[in-house]
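Engineer: Sharing a structure with you now.
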There are 2 protein chains.
Amino acid sequence: MEKEVKIIFEPSGRSVYALAGTVLLEVAARAGFILQTPCGGGATCGKCVVRIRAGICPASESELAALGASRVAEGFRLACQARLSGPLTVEIPDTSLFQSRQQILTSDTGETMEVLPRVRKTCVQLTPPLHDESGSDLDRLHATIGPCPVCLSAVRDLPGALRQSNFMATAVRVDNELIAVEPGDTTSACYGIAFDVGSTTLVGTLVDLVTGADIAVAARVNPQTSFGDDVISRIQKCRTAPDGLQQLQASVLDGINRIVDELERKAGIDRNRVYEVVFAGNTTMQQILCGIDPSPLGELPFTPAFREALETRASDLHLHVHPCAKVYVFPQIGGFVGGDTVSGIVATRLDRFTKPALLVDIGTNGEIVLAHNGNMLATSVAAGPAFEGARIVHGMRATTGAIEKIILDGDVRLNVIGNSKPAGLCGTALIDVAAELLRVGLLDSTGRILSSNEAPGGVSPALRARLIEDRGEVNFLLVAAAESGTRAPLFIYQRDIRELQLANAAIRAGINILLKMAGLNASDLGEVLLAGAFGNFIRRNHARRIGMLPPVPCSRIRFVGNTASFGAKRALLSTQEKAYADRILGKVRHVDLSLDPEFQMEFSSALLFPEHDLDECGE
Amino acid sequence: MEKEVKIIFEPSGRSVYALAGTVLLEVAARAGFILQTPCGGGATCGKCVVRIRAGICPASESELAALGASRVAEGFRLACQARLSGPLTVEIPDTSLFQSRQQILTSDTGETMEVLPRVRKTCVQLTPPLHDESGSDLDRLHATIGPCPVCLSAVRDLPGALRQSNFMATAVRVDNELIAVEPGDTTSACYGIAFDVGSTTLVGTLVDLVTGADIAVAARVNPQTSFGDDVISRIQKCRTAPDGLQQLQASVLDGINRIVDELERKAGIDRNRVYEVVFAGNTTMQQILCGIDPSPLGELPFTPAFREALETRASDLHLHVHPCAKVYVFPQIGGFVGGDTVSGIVATRLDRFTKPALLVDIGTNGEIVLAHNGNMLATSVAAGPAFEGARIVHGMRATTGAIEKIILDGDVRLNVIGNSKPAGLCGTALIDVAAELLRVGLLDSTGRILSSNEAPGGVSPALRARLIEDRGEVNFLLVAAAESGTRAPLFIYQRDIRELQLANAAIRAGINILLKMAGLNASDLGEVLLAGAFGNFIRRNHARRIGMLPPVPCSRIRFVGNTASFGAKRALLSTQEKAYADRILGKVRHVDLSLDPEFQMEFSSALLFPEHDLDECGE
């Protein structure tokens, strides 16, 4: 097995291990850095520039052409071109990040984003009341900041705040409502948190509402996973257990509050200076989070309780931030196309692309949005948990010990997360192995693994030796017992391929239906955006090879990172982004595939792997 | 000692005991029924008409003149004229009540009050969602009731409420915000509670917001009294104990929630159908209730935290009603002239009287408002707890065993609450005894009780025998040991008279200062309104005799009952009344007497009892 090399990213110091030959763009993504690639990784836009600080990384012709010899000599490289040959220390300039710390994201449409939060802090110096004055503390404050509605909690703050620091105090207003009064000048301490509430993972980003900068990020497994992996199991829990909703809500809120704890600790700030929280999640997650029974999402016609954004107060959800902090829950499109998808559209400006564009968020539920002429079609498909490693015999989540990349190159080459012995394989490796088996001719288009006898002539003896027959089926030996972290051999079984075919076909059928409804062909797509944690690690050519993605050139397939998180941050930073999210609802048509016979047809054809591929970019 | 007689009031069945000769109006007040007396008890308006259902009650000439012989024969009497001669059962028609169940109060200005609550219930029948519809539950509701802001709690109700009763549900809106959705048609169950939050007593009135009718009333001692009798002791507790405010707030909220329990039980309603709560109390009570530190009220310049009405939600105060119920806290005029005074003005329409009018709420703190030409002057004076029975050697609250009325008629005649042996005397009896001693010449204008030697010639031997000298002072024996409930003699001591003089002078000086500021004389006053629990039991001529009230004819002195409670109910029933309360703030000038040298002068003169009285009405 090949040795992985260590890559350290500056200025964060985060490090990952990766196989030699891997493109730097992919390595950076695994470390959590999504770089800008508006040209689709074609070495033409120069946006993904990074700088090598230590280690050897030869420059390609295209990098020399794009950057010039002097910058290449200074260590600059294009992340979409540079490949690992040994350990590296790589500096990522802020300007190359898709999710920049400055929040000045230049999207496809070239617009910049402003910091226009709804939270406003004003420091006032009042004169102490004199004996012959009859006004109240609040009258005096209003006389300075102007009239505004007042939250009880702010009136509670008032007498103490004014008298603690000689009548100098800071008024905190959200929209125009006074929610707090703090002693002294606290205008520089003004924060919000954007949450991506996934079925599996919770991610919180603490944002400085003055500068727009990220202060800290924290992620945790959604504690609800103990009640079941997918949203259906959570809905069932609410439908059957008398206190199911309460349990699930308490569970996710506990996870969220632990993230608040972690963000407070990491950033060294006071949680009472967090005045707004934004949540983006799928419909089931958002409803449970809010304490709204998701039972109707478990039966036809899968009706959500609300579609427009929901606003409430932190204390209503027992969030451990300022009790009067505003909570904004993203608008939802339908029962299975939720706030995370709207947030993804906000993050990518999908409706503003000039050519037809597809946004695909691959997970247990695959959400697919097709934008065309400013309007959008959105749907979701049940891909099942195969990509999360579930229902795959040796499947596992993308954590330490998981094989995350497989290349068939005479024999099997593997990349294992955490530079340890392999214990199983995660979703990206599953796609890799299927794509590679198809390429070398060991898998036919029906999804059958061929036996050694049936294998084409060019297949190496090493690979042939891995085709193990068992009760009329052929399984593919990935790792021998001696090299396995579990001391047992790791296989790709025939039935694992069947699971993959189901997941794969669901996504592709969803894409095909939307294209058909819009009267488009795959070749009309200007962009295919891959979102979500899984999407960021996928090999684009492999996903296309197995037919999950339609046949479009890799240059048109882009990784856009955790768009749910990023869209939530945008909404947190600007009231205009919230208005944009609301407007999106009016532009999206929700396509329900659950009873659609056309979908069944498309699904059946998509169960077959494509005979050929474009084969124009290797990753 | 004379025997009291039992009076039963219909239709409530409430009963009290009173001395023969007592005016029915006063007896009714003691049972909690405040009757309309716009003519001031002059037998001319006929508004206080009652009907004798059992017992003998001879009619006076004035009743015959006002009611006619046939109605008198049917048992009708004027409560302001009829005097007890034996036990009675008396029916009080709704129309005679000052605080009518119908809420159609005809005030001095002749206006009627409408039921215009901010809570609105709408029953809707929605069609269940079909498969090809993509709207949410909320979309469907909005399509029927129109767009409106939504409280999270209402969205929580929505999926269940719609599906529990075939998509028939009731939307509850406060102002225009949707706060709840209930299954089925619940439009007839719509309630609110008006609270009078006194330093000593809490009174809650459960009101039907559809009909405007009172459903139940409950009262409790404010549990805060365990921390001290007056507001100053409560403020001190907040200033000195680290968790003083929390303790005091929890204490009063506990009392309020117990009243909610009692109202729910009495009325047999569901507390979750209570959608609005209104509070009226003095500034300290209101601030503590809301959790707002009252410490600045304990130091110059006694600045309140707020003046305009405060609005919040029931859950913010942990009130055990619907969690999204609106809470309205009355506007406050100044540090010691609070929401109860504004509520009193709302109840009495004080600013709309055609002649100058005085509103006096006598308690530990005496609040005084003078209205003249639509504008008002308001102040408060520290009367001390003498009227509550405190600091009086044999003083006690107006409960069972308290002497509440004293007449010197050759000897001492007493009325004891609860028809039991006397155990002490309450505030009204203190005023009575001082006024009677002045009348018979046993008390001089400096407040000195004369000795038997000094007593005027006409004084009976029985009264003379009650003047007991002790260490150079004379005390007046009220009840001999043999007749006392405590088996010890009950006295009015010389020093009790001194306490009374202080309380008395504070109120009178406050009245005089306001009259002076307005350029008015006592004779200009068209009305003197006595409010509050104590005010309702006072003998008007006696209060005037001792100089507490200025020399105006009794016909101009009216009892107006618990105006704080009644004003709160008005605000609960109508948004127009809330707007009126807010407008009052702009019409009232807050007069701070704490550092006013003029007040000291007036106070000194008011320490002397008047030499004479108008002596035109005996009660």
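FYI, nothing fancy with the structure tokens labels: chains A, B, ... in order, residues from 1 per chain, ligands from 1 as they appear.
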Quick one: contact table of chain A to chain B, 9 Å max, nearest atom pair and distance in Å to one decimal per residue, counting only C-alpha atoms, chain and number order, as a tab-separated table?

Structural biologist:
residue	atom	partner	partner_atom	distance
A:Pro129	CA	B:Pro301	CA	7.0
A:Leu130	CA	B:Pro301	CA	6.4
A:His131	CA	B:Pro301	CA	4.8
A:Asp132	CA	B:Pro301	CA	7.7
A:Glu133	CA	B:Pro301	CA	7.9
A:Ser134	CA	B:Gly334	CA	6.4
A:Gly135	CA	B:Thr303	CA	7.2
A:Ser136	CA	B:Pro304	CA	4.9
A:Asp137	CA	B:Ala305	CA	4.8
A:Leu138	CA	B:Phe306	CA	5.2
A:Asp139	CA	B:Phe306	CA	6.9
A:Val150	CA	B:Leu310	CA	8.0
A:Cys151	CA	B:Thr312	CA	7.1
A:Leu152	CA	B:Thr312	CA	6.1
A:Ser153	CA	B:Ile292	CA	8.5
A:Val155	CA	B:Ile292	CA	6.7
A:Arg156	CA	B:Ile292	CA	4.4
A:Asp157	CA	B:Ile292	CA	7.6
A:Leu158	CA	B:Ala305	CA	6.9
A:Pro159	CA	B:Ala305	CA	6.2
A:Gly160	CA	B:Asp293	CA	7.5
A:Arg163	CA	B:Pro296	CA	8.9
A:Gln287	CA	B:Arg156	CA	8.6
A:Cys290	CA	B:Leu152	CA	7.6
A:Gly291	CA	B:Arg156	CA	6.3
A:Ile292	CA	B:Arg156	CA	4.4
A:Asp293	CA	B:Pro159	CA	6.7
A:Pro294	CA	B:Pro159	CA	8.1
A:Ser295	CA	B:Pro159	CA	8.1
A:Pro296	CA	B:Pro159	CA	7.1
A:Leu300	CA	B:His131	CA	6.7
A:Pro301	CA	B:His131	CA	4.8
A:Phe302	CA	B:His131	CA	8.3
A:Thr303	CA	B:Ser136	CA	5.7
A:Pro304	CA	B:Ser136	CA	4.9
A:Ala305	CA	B:Asp137	CA	4.8
A:Phe306	CA	B:Ser136	CA	5.0
A:Arg307	CA	B:Ser136	CA	5.9
A:Glu308	CA	B:Asp139	CA	8.6
A:Leu310	CA	B:Leu152	CA	7.3
A:Glu311	CA	B:Leu152	CA	7.3
A:Thr312	CA	B:Leu152	CA	6.1
A:Arg313	CA	B:Leu152	CA	8.9
A:Asp316	CA	B:Leu152	CA	8.2
A:Ile333	CA	B:Ser134	CA	8.2
A:Gly334	CA	B:Ser134	CA	6.5
A:Gly335	CA	B:Ser134	CA	8.5
A:Arg589	CA	B:Ser134	CA	8.6
A:His590	CA	B:Ser134	CA	6.7
A:Val591	CA	B:Ser134	CA	8.6
A:Asp592	CA	B:Asp132	CA	8.0
A:Leu595	CA	B:His131	CA	8.9

Engineer: Which residues are near segment 388-399 of chain A? Cut-off 8 Å, only C-alpha atoms, ignore same chain within fewer than 3 positions. Put them as a list in words.

Structural biologist: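 Within the cut-off, the hits are Gly363, Thr364, Pro385, Ala402, Ile403, Glu404, Ile417, Gly418, Ala423, Gly424, Leu425, Cys426, Gly427, Leu490, Phe491, Ile492, Tyr493, Asp496 and Glu499 of chain A.
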
Engineer: Need to verify the contact set: Gln501 of chain B, 9 Å, only C-alpha atoms, exclusion of same-chain residues closer than 3 positions in sequence. Can you return it as a PyMOL selection string?

Structural biologist: chain B and resi 447+496-498+504-506+546+606-609

Engineer: Those residues with C-alpha atoms, as a short mmCIF file (atom, residue, chain, number, x, y, z; two decimals), in the first residue's frame please?

Structural biologist:
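As written to disk, out.cif reads:
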data_model
loop_
_atom_site.label_atom_id
_atom_site.label_comp_id
_atom_site.auth_asym_id
_atom_site.auth_seq_id
_atom_site.Cartn_x
_atom_site.Cartn_y
_atom_site.Cartn_z
CA GLY B 447 -54.54 66.53 68.92
CA ASP B 496 -52.17 56.75 68.32
CA ILE B 497 -53.72 60.15 67.74
CA ARG B 498 -50.23 61.49 66.96
CA ASN B 504 -53.73 62.76 57.97
CA ALA B 505 -51.50 65.77 57.51
CA ALA B 506 -49.53 64.09 54.71
CA ILE B 546 -60.32 65.42 61.02
CA ALA B 606 -52.36 70.16 58.51
CA LEU B 607 -51.08 68.55 61.69
CA LEU B 608 -53.72 70.64 63.50
CA PHE B 609 -57.25 69.30 63.39
#

Engineer: Would you please work out which residue, of A:Arg464, A:Arg583, A:His322, A:Lys516, is nearest to Tyr191 of chain A when using only C-alpha atoms?

Structural biologist: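 The closest residue to Tyr191 of chain A is A:His322.
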
Engineer: Taking only C-alpha atoms into account, name the residue in B:Glu483, B:Glu264, B:Asp175, B:Glu26 that is nearest to Lys326 of chain B.

Structural biologist: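 The shortest atom-to-atom distance to Lys326 of chain B comes from B:Asp175.
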